[in-house]
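Chemist: Data: work_16.txt, compact mmCIF, C-alpha atoms.
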```
# COMPACT_ATOMS: atom_id res chain seq x y z
CA MET A 1 23.38 -6.61 9.51
CA ARG A 2 21.13 -3.53 9.52
CA ILE A 3 22.87 -0.97 11.75
CA VAL A 4 21.53 2.45 12.73
CA MET A 5 24.14 5.12 13.41
CA THR A 6 23.81 8.55 15.01
CA ALA A 7 26.17 11.15 16.46
CA ASP A 8 26.30 14.69 17.69
CA HIS A 9 28.73 17.23 16.21
CA ALA A 10 31.58 15.91 18.38
CA GLY A 11 31.00 12.38 17.10
CA VAL A 12 30.12 12.92 13.45
CA ASP A 13 33.61 12.27 12.03
CA LEU A 14 34.03 9.00 13.89
CA LYS A 15 30.48 7.96 12.97
CA ASP A 16 31.19 8.61 9.29
CA GLU A 17 34.48 6.71 9.39
CA LEU A 18 32.82 3.72 11.09
CA ALA A 19 29.86 3.86 8.68
CA ALA A 20 32.16 3.70 5.65
CA TRP A 21 34.16 0.82 7.20
CA LEU A 22 31.00 -1.14 8.08
CA GLY A 23 29.54 -0.49 4.64
CA GLU A 24 32.68 -2.01 3.06
CA GLN A 25 32.04 -5.12 5.15
CA GLY A 26 28.58 -5.43 3.61
CA HIS A 27 26.52 -4.08 6.49
CA ASP A 28 23.45 -2.01 5.73
CA ILE A 29 23.85 1.39 7.44
CA LEU A 30 20.92 3.60 8.42
CA ASP A 31 22.59 6.98 9.06
CA LEU A 32 20.25 9.26 11.01
CA GLY A 33 22.77 12.09 11.36
CA THR A 34 23.98 14.49 12.40
CA ASN A 35 25.87 15.15 9.21
CA SER A 36 27.80 18.33 9.90
CA HIS A 37 29.95 19.94 12.57
CA ASP A 38 27.20 22.41 13.49
CA SER A 39 26.33 22.19 17.17
CA VAL A 40 23.35 19.92 17.93
CA ASP A 41 21.82 18.55 21.13
CA TYR A 42 22.90 14.94 21.78
CA PRO A 43 19.61 13.80 23.45
CA ARG A 44 17.82 13.90 20.10
CA PHE A 45 20.45 11.66 18.49
CA GLY A 46 20.31 9.13 21.31
CA ALA A 47 16.50 9.11 21.00
CA LEU A 48 16.63 8.70 17.21
CA LEU A 49 18.91 5.67 17.55
CA ALA A 50 16.69 4.01 20.14
CA LYS A 51 13.53 4.68 18.16
CA ALA A 52 14.97 3.06 15.03
CA ILE A 53 15.74 -0.06 17.09
CA ALA A 54 12.33 0.03 18.82
CA ASP A 55 10.59 0.32 15.44
CA GLY A 56 12.54 -2.61 13.98
CA ARG A 57 14.27 -0.44 11.38
CA ALA A 58 17.65 -1.70 12.65
CA GLU A 59 18.95 -4.70 14.58
CA ARG A 60 21.86 -2.84 16.16
CA GLY A 61 22.87 0.73 16.86
CA ILE A 62 26.11 2.68 17.20
CA THR A 63 26.01 6.23 18.54
CA VAL A 64 28.86 8.67 19.11
CA CYS A 65 29.33 11.87 21.06
CA GLY A 66 32.37 13.45 22.71
CA SER A 67 32.43 11.07 25.69
CA GLY A 68 29.72 8.54 24.80
CA ILE A 69 27.96 9.43 28.04
CA GLY A 70 25.19 11.75 26.85
CA VAL A 71 24.02 9.68 23.89
CA ALA A 72 24.05 6.51 26.02
CA ILE A 73 21.82 8.07 28.68
CA ALA A 74 19.46 9.40 25.99
CA ALA A 75 19.27 6.05 24.16
CA ASN A 76 18.58 4.16 27.38
CA ARG A 77 15.54 6.36 28.11
CA ASN A 78 13.78 4.11 25.58
CA PRO A 79 13.01 0.72 27.21
CA ALA A 80 13.56 -1.04 23.87
CA CYS A 81 17.19 0.06 23.78
CA ARG A 82 20.02 -1.48 25.78
CA CYS A 83 22.98 0.77 25.12
CA ALA A 84 26.44 0.26 26.67
CA GLN A 85 29.09 2.97 26.73
CA VAL A 86 32.26 1.22 25.66
CA ALA A 87 35.87 2.33 25.42
CA GLU A 88 37.54 -1.06 24.89
CA PRO A 89 36.44 -4.37 23.33
CA LEU A 90 36.00 -6.41 26.54
CA SER A 91 33.12 -4.18 27.63
CA ALA A 92 31.56 -4.51 24.17
CA THR A 93 31.85 -8.30 24.44
CA LEU A 94 30.29 -8.36 27.92
CA ALA A 95 27.54 -6.00 26.78
CA ARG A 96 26.51 -8.62 24.23
CA LYS A 97 27.12 -11.79 26.30
CA HIS A 98 25.40 -10.69 29.49
CA ASN A 99 23.14 -7.73 28.63
CA ASP A 100 22.11 -8.53 25.04
CA CYS A 101 22.90 -4.90 24.25
CA ASN A 102 21.49 -3.77 20.93
CA ALA A 103 23.49 -0.53 20.93
CA ILE A 104 26.86 0.87 21.95
CA ALA A 105 27.91 4.45 22.60
CA LEU A 106 31.44 5.62 21.80
CA GLY A 107 33.34 8.72 22.91
CA ALA A 108 35.16 10.30 19.98
CA ARG A 109 37.21 12.52 22.29
CA LEU A 110 38.28 9.57 24.45
CA ILE A 111 39.15 6.78 22.03
CA GLY A 112 40.72 6.70 18.58
CA PRO A 113 39.27 5.15 15.43
CA GLU A 114 41.16 1.83 15.70
CA MET A 115 39.96 1.29 19.27
CA ALA A 116 36.45 2.24 18.16
CA LYS A 117 36.63 -0.36 15.37
CA ALA A 118 37.79 -3.03 17.82
CA CYS A 119 34.79 -2.18 20.03
CA VAL A 120 32.37 -2.32 17.09
CA ASP A 121 33.85 -5.60 15.92
CA ALA A 122 33.36 -7.20 19.37
CA PHE A 123 29.84 -5.76 19.57
CA LEU A 124 28.78 -7.16 16.20
CA ARG A 125 30.46 -10.58 16.48
CA THR A 126 29.49 -11.59 20.02
CA GLU A 127 26.32 -13.54 20.75
CA PHE A 128 24.09 -13.18 23.81
CA GLU A 129 24.55 -16.05 26.28
CA GLY A 130 20.88 -16.19 27.34
CA GLY A 131 20.19 -18.44 30.33
CA ARG A 132 20.04 -16.57 33.64
CA HIS A 133 20.79 -13.33 31.77
CA GLN A 134 17.51 -13.47 29.82
CA ARG A 135 15.36 -12.77 32.88
CA ARG A 136 17.39 -9.65 33.67
CA VAL A 137 17.23 -8.40 30.09
CA ASP A 138 13.45 -8.86 30.19
CA GLN A 139 13.32 -6.75 33.36
CA LEU A 140 15.11 -3.89 31.56
CA ALA A 141 12.18 -3.75 29.12
CA ASN A 142 9.74 -3.07 31.95
CA PRO A 143 11.25 -0.21 33.94
CA THR A 144 7.99 0.98 35.48
CA ALA A 145 7.49 -2.38 37.19
CA GLN A 146 11.09 -2.24 38.40
CA ARG A 147 10.57 1.24 39.76
CA GLU A 148 7.35 0.38 41.56
CA THR A 149 8.81 -2.65 43.28
CA ALA A 150 12.12 -0.90 43.99
CA MET B 1 27.10 14.58 50.71
CA ARG B 2 24.20 12.14 50.85
CA ILE B 3 25.15 9.26 48.52
CA VAL B 4 23.00 6.25 47.65
CA MET B 5 24.87 3.04 46.82
CA THR B 6 23.67 -0.19 45.27
CA ALA B 7 25.27 -3.27 43.70
CA ASP B 8 24.50 -6.74 42.49
CA HIS B 9 26.34 -9.79 43.84
CA ALA B 10 29.30 -9.15 41.51
CA GLY B 11 29.63 -5.59 42.79
CA VAL B 12 28.87 -5.95 46.49
CA ASP B 13 32.49 -6.14 47.71
CA LEU B 14 33.55 -3.03 45.79
CA LYS B 15 30.39 -1.20 46.92
CA ASP B 16 31.15 -2.03 50.55
CA GLU B 17 34.78 -0.94 50.24
CA LEU B 18 33.76 2.36 48.64
CA ALA B 19 31.00 2.90 51.21
CA ALA B 20 33.45 2.50 54.10
CA TRP B 21 35.96 4.82 52.41
CA LEU B 22 33.31 7.48 51.71
CA GLY B 23 31.94 7.17 55.24
CA GLU B 24 35.43 7.89 56.62
CA GLN B 25 35.40 11.10 54.55
CA GLY B 26 32.21 12.19 56.28
CA HIS B 27 29.73 11.38 53.53
CA ASP B 28 26.32 10.07 54.49
CA ILE B 29 25.81 6.70 52.77
CA LEU B 30 22.39 5.24 51.99
CA ASP B 31 23.19 1.58 51.27
CA LEU B 32 20.28 -0.10 49.48
CA GLY B 33 22.04 -3.42 48.99
CA THR B 34 22.59 -6.05 47.90
CA ASN B 35 24.47 -7.15 50.98
CA SER B 36 25.57 -10.69 50.20
CA HIS B 37 27.11 -12.73 47.41
CA ASP B 38 23.81 -14.49 46.68
CA SER B 39 22.83 -14.02 43.07
CA VAL B 40 20.40 -11.12 42.47
CA ASP B 41 19.05 -9.41 39.36
CA TYR B 42 20.89 -6.16 38.62
CA PRO B 43 17.87 -4.26 37.13
CA ARG B 44 16.31 -3.97 40.58
CA PHE B 45 19.47 -2.41 42.01
CA GLY B 46 19.75 0.08 39.18
CA ALA B 47 16.09 1.00 39.73
CA LEU B 48 16.54 1.34 43.50
CA LEU B 49 19.43 3.75 42.99
CA ALA B 50 17.51 5.91 40.52
CA LYS B 51 14.41 5.98 42.71
CA ALA B 52 16.38 7.20 45.73
CA ILE B 53 17.72 10.07 43.62
CA ALA B 54 14.30 10.80 42.08
CA ASP B 55 12.75 10.89 45.56
CA GLY B 56 15.40 13.28 46.88
CA ARG B 57 16.72 10.74 49.38
CA ALA B 58 20.21 11.18 47.92
CA GLU B 59 22.06 13.81 45.90
CA ARG B 60 24.36 11.34 44.16
CA GLY B 61 24.47 7.63 43.44
CA ILE B 62 27.14 4.99 42.91
CA THR B 63 26.14 1.56 41.60
CA VAL B 64 28.31 -1.46 40.89
CA CYS B 65 27.89 -4.68 38.92
CA GLY B 66 30.39 -6.91 37.11
CA SER B 67 30.83 -4.60 34.12
CA GLY B 68 28.83 -1.52 35.16
CA ILE B 69 26.73 -1.93 32.03
CA GLY B 70 23.58 -3.56 33.40
CA VAL B 71 23.08 -1.28 36.40
CA ALA B 72 23.73 1.81 34.24
CA ILE B 73 21.05 0.84 31.73
CA ALA B 74 18.61 0.07 34.56
CA ALA B 75 19.32 3.35 36.38
CA ASN B 76 18.89 5.37 33.19
CA ARG B 77 15.40 3.96 32.66
CA ASN B 78 14.35 6.53 35.27
CA PRO B 79 14.29 10.01 33.66
CA ALA B 80 15.43 11.57 36.96
CA CYS B 81 18.71 9.67 36.84
CA ARG B 82 21.70 10.52 34.68
CA CYS B 83 24.09 7.63 35.17
CA ALA B 84 27.47 7.33 33.42
CA GLN B 85 29.41 4.07 33.22
CA VAL B 86 32.96 5.04 34.09
CA ALA B 87 36.22 3.11 34.13
CA GLU B 88 38.66 6.02 34.54
CA PRO B 89 38.44 9.48 36.15
CA LEU B 90 38.31 11.59 32.96
CA SER B 91 34.93 10.09 32.05
CA ALA B 92 33.69 10.75 35.59
CA THR B 93 34.84 14.37 35.28
CA LEU B 94 33.15 14.83 31.89
CA ALA B 95 29.99 13.16 33.20
CA ARG B 96 29.74 15.93 35.79
CA LYS B 97 30.97 18.89 33.68
CA HIS B 98 28.86 18.25 30.60
CA ASN B 99 26.02 15.88 31.60
CA ASP B 100 25.41 16.87 35.24
CA CYS B 101 25.38 13.15 36.01
CA ASN B 102 23.95 12.36 39.42
CA ALA B 103 25.12 8.74 39.32
CA ILE B 104 28.01 6.60 38.11
CA ALA B 105 28.16 2.88 37.42
CA LEU B 106 31.36 0.91 38.03
CA GLY B 107 32.42 -2.54 36.84
CA ALA B 108 33.99 -4.52 39.67
CA ARG B 109 35.32 -7.14 37.25
CA LEU B 110 36.93 -4.50 35.02
CA ILE B 111 38.57 -1.99 37.36
CA GLY B 112 40.30 -2.30 40.71
CA PRO B 113 39.44 -0.47 43.93
CA GLU B 114 42.03 2.30 43.53
CA MET B 115 40.78 3.14 40.03
CA ALA B 116 37.22 3.02 41.36
CA LYS B 117 38.16 5.47 44.12
CA ALA B 118 39.77 7.83 41.57
CA CYS B 119 36.52 7.71 39.55
CA VAL B 120 34.37 8.39 42.62
CA ASP B 121 36.64 11.22 43.68
CA ALA B 122 36.35 12.91 40.27
CA PHE B 123 32.58 12.33 40.28
CA LEU B 124 32.08 13.93 43.70
CA ARG B 125 34.48 16.85 43.30
CA THR B 126 33.57 18.09 39.81
CA GLU B 127 30.90 20.73 39.25
CA PHE B 128 28.49 20.92 36.34
CA GLU B 129 29.46 23.61 33.82
CA GLY B 130 25.88 24.64 32.99
CA GLY B 131 25.54 27.00 30.03
CA ARG B 132 24.78 25.24 26.73
CA HIS B 133 24.87 21.91 28.58
CA GLN B 134 21.83 22.77 30.71
CA ARG B 135 19.39 22.64 27.78
CA ARG B 136 20.59 19.12 26.89
CA VAL B 137 20.35 17.94 30.49
CA ASP B 138 16.78 19.26 30.61
CA GLN B 139 15.99 17.24 27.47
CA LEU B 140 17.17 14.04 29.17
CA ALA B 141 14.42 14.56 31.78
CA ASN B 142 11.74 14.51 29.10
CA PRO B 143 12.42 11.39 27.04
CA THR B 144 8.89 11.03 25.71
CA ALA B 145 9.09 14.41 24.02
CA GLN B 146 12.48 13.44 22.60
CA ARG B 147 11.09 10.17 21.30
CA GLU B 148 8.09 11.81 19.68
CA THR B 149 10.13 14.41 17.85
CA ALA B 150 12.85 11.91 16.98
```
When written as structure tokens, how does the structure in this file appear?
Modeler:
Amino acid sequence: MRIVMTADHAGVDLKDELAAWLGEQGHDILDLGTNSHDSVDYPRFGALLAKAIADGRAERGITVCGSGIGVAIAANRNPACRCAQVAEPLSATLARKHNDCNAIALGARLIGPEMAKACVDAFLRTEFEGGRHQRRVDQLANPTAQRETA
Amino acid sequence: MRIVMTADHAGVDLKDELAAWLGEQGHDILDLGTNSHDSVDYPRFGALLAKAIADGRAERGITVCGSGIGVAIAANRNPACRCAQVAEPLSATLARKHNDCNAIALGARLIGPEMAKACVDAFLRTEFEGGRHQRRVDQLANPTAQRETA
């Protein structure tokens, strides 16, 4: 699978560890940085992830910051991206089954690498259930309409 | 504090329990539904929450669905809303300190009411740290610029 990965400085080590592990499994990794511990602003790296998905350069995305919160908010500003913050595999599974999430956000200061791998594994292996969930996923792609009728 | 609350059918019971508990503490609750167990589409309730914050009708928001994932994505489609999915109080604390989050999303099928209350308590009591975090929060309000430079 073609997977885009981004992180801020707090998430770069976990991103790199996950990228190497996913590469060994045969996945094709598009690493859009950051690639050092120098301080960067997480909104740019959430936006980069979402744009790669919106442009069709990747099927799935994994983004990492200290808590997972900032990059998830930034990624979800793009209506093409459905990014779930996850800290355990059940949420990653539900994000796929019910929300057809095409991205997950991980918090490198909150979970360790083995938990992160379990989350990624659930995210990549679980299929969307469709059915009644499809209508809701479609609504997430049209936030202006949602806002105007809200 | 003026707090807007929304939920889908999976989150309505937890929303109502939290609303009663927050009301007893003297908070002013703006309950925008849903108010039954009839199936509804979560994107609308994420959008309603974000719009109430954007319009200045509430300072903070709490939204609930089965996992917290769907309503968080929907709320974050509105650039005025910074919504963190939280399942434990440390994430709620970091969401305030670092991301100045004005909303949290809870998963009624994943956490129990006491854990939810601990998350809400951390969310309402923690102040934003400002400083280097302010620039990043400002960037989250301008997603188009982020997307174009991404």
Chemist: For region 47-57 of chain B, find every residue with an atom within 9 Å (counting only C-alpha atoms), except residues of its own chain fewer than 5 positions away, and show them as a list in words.
Modeler: Pro143, Gln146, Arg147, Glu148, Thr149 and Ala150 of chain A; Arg2, Ile3, Val4, Met5, Thr6, Leu30, Leu32, Tyr42, Ile62, Thr63, Val71, Ala74, Ala75, Asn76, Arg77, Asn78, Pro79, Ala80, Cys81, Arg82, Cys83, Asn102 and Ala103 of chain B
Chemist: What is the CA of His27 (chain B)-CA of Gly70 (chain B) distance in Å, reported with one decimal?
Modeler: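 Interatomic distance here is 25.8 Å.
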Chemist: Between A:Ala116, A:Ile29, A:Cys65, A:Leu110, single out the one closest to chain B, counting all atoms listed in the file.
Modeler: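 The answer is A:Leu110, which sits nearest to chain B.
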Chemist: What is the CA of Val12 (chain A) to CA of Asn99 (chain B) distance in Å?
Modeler: 18.8 Å
Chemist: If I take CA of Val40 (chain B) and CA of Phe123 (chain B), how far is one from the other in Å, to one decimal?
Modeler: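 One can read the CA of Val40 (chain B) to CA of Phe123 (chain B) distance as 26.5 Å.
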Chemist: Counting only C-alpha atoms, figure out which residue out of B:Val64, B:Cys119, B:Ile73, B:Ala58 gets nearest to chain A.
Modeler: B:Ile73
Chemist: So that I can check the surroundings of His133 (chain A), please list as a count of residues only every protein, DNA and RNA residue that reaches within 12 Å of it, counting all atoms listed in the file and ignoring chain neighbours fewer than 4 positions away.
Modeler: 20
Chemist: For a quick check of understanding, using all atoms listed in the file, which of B:Gly112, B:Gly131, B:Gly11, B:Gly68 has the smallest distance to chain A?
Modeler: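 Checking each candidate against chain A, we get B:Gly68 as the closest.
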Chemist: Using all atoms listed in the file, pick whichever of A:Ala84, A:Ala145, A:Ala92, A:Leu18 has the shortest atom-to-atom distance to Ala122 (chain A).
Modeler: A:Ala92
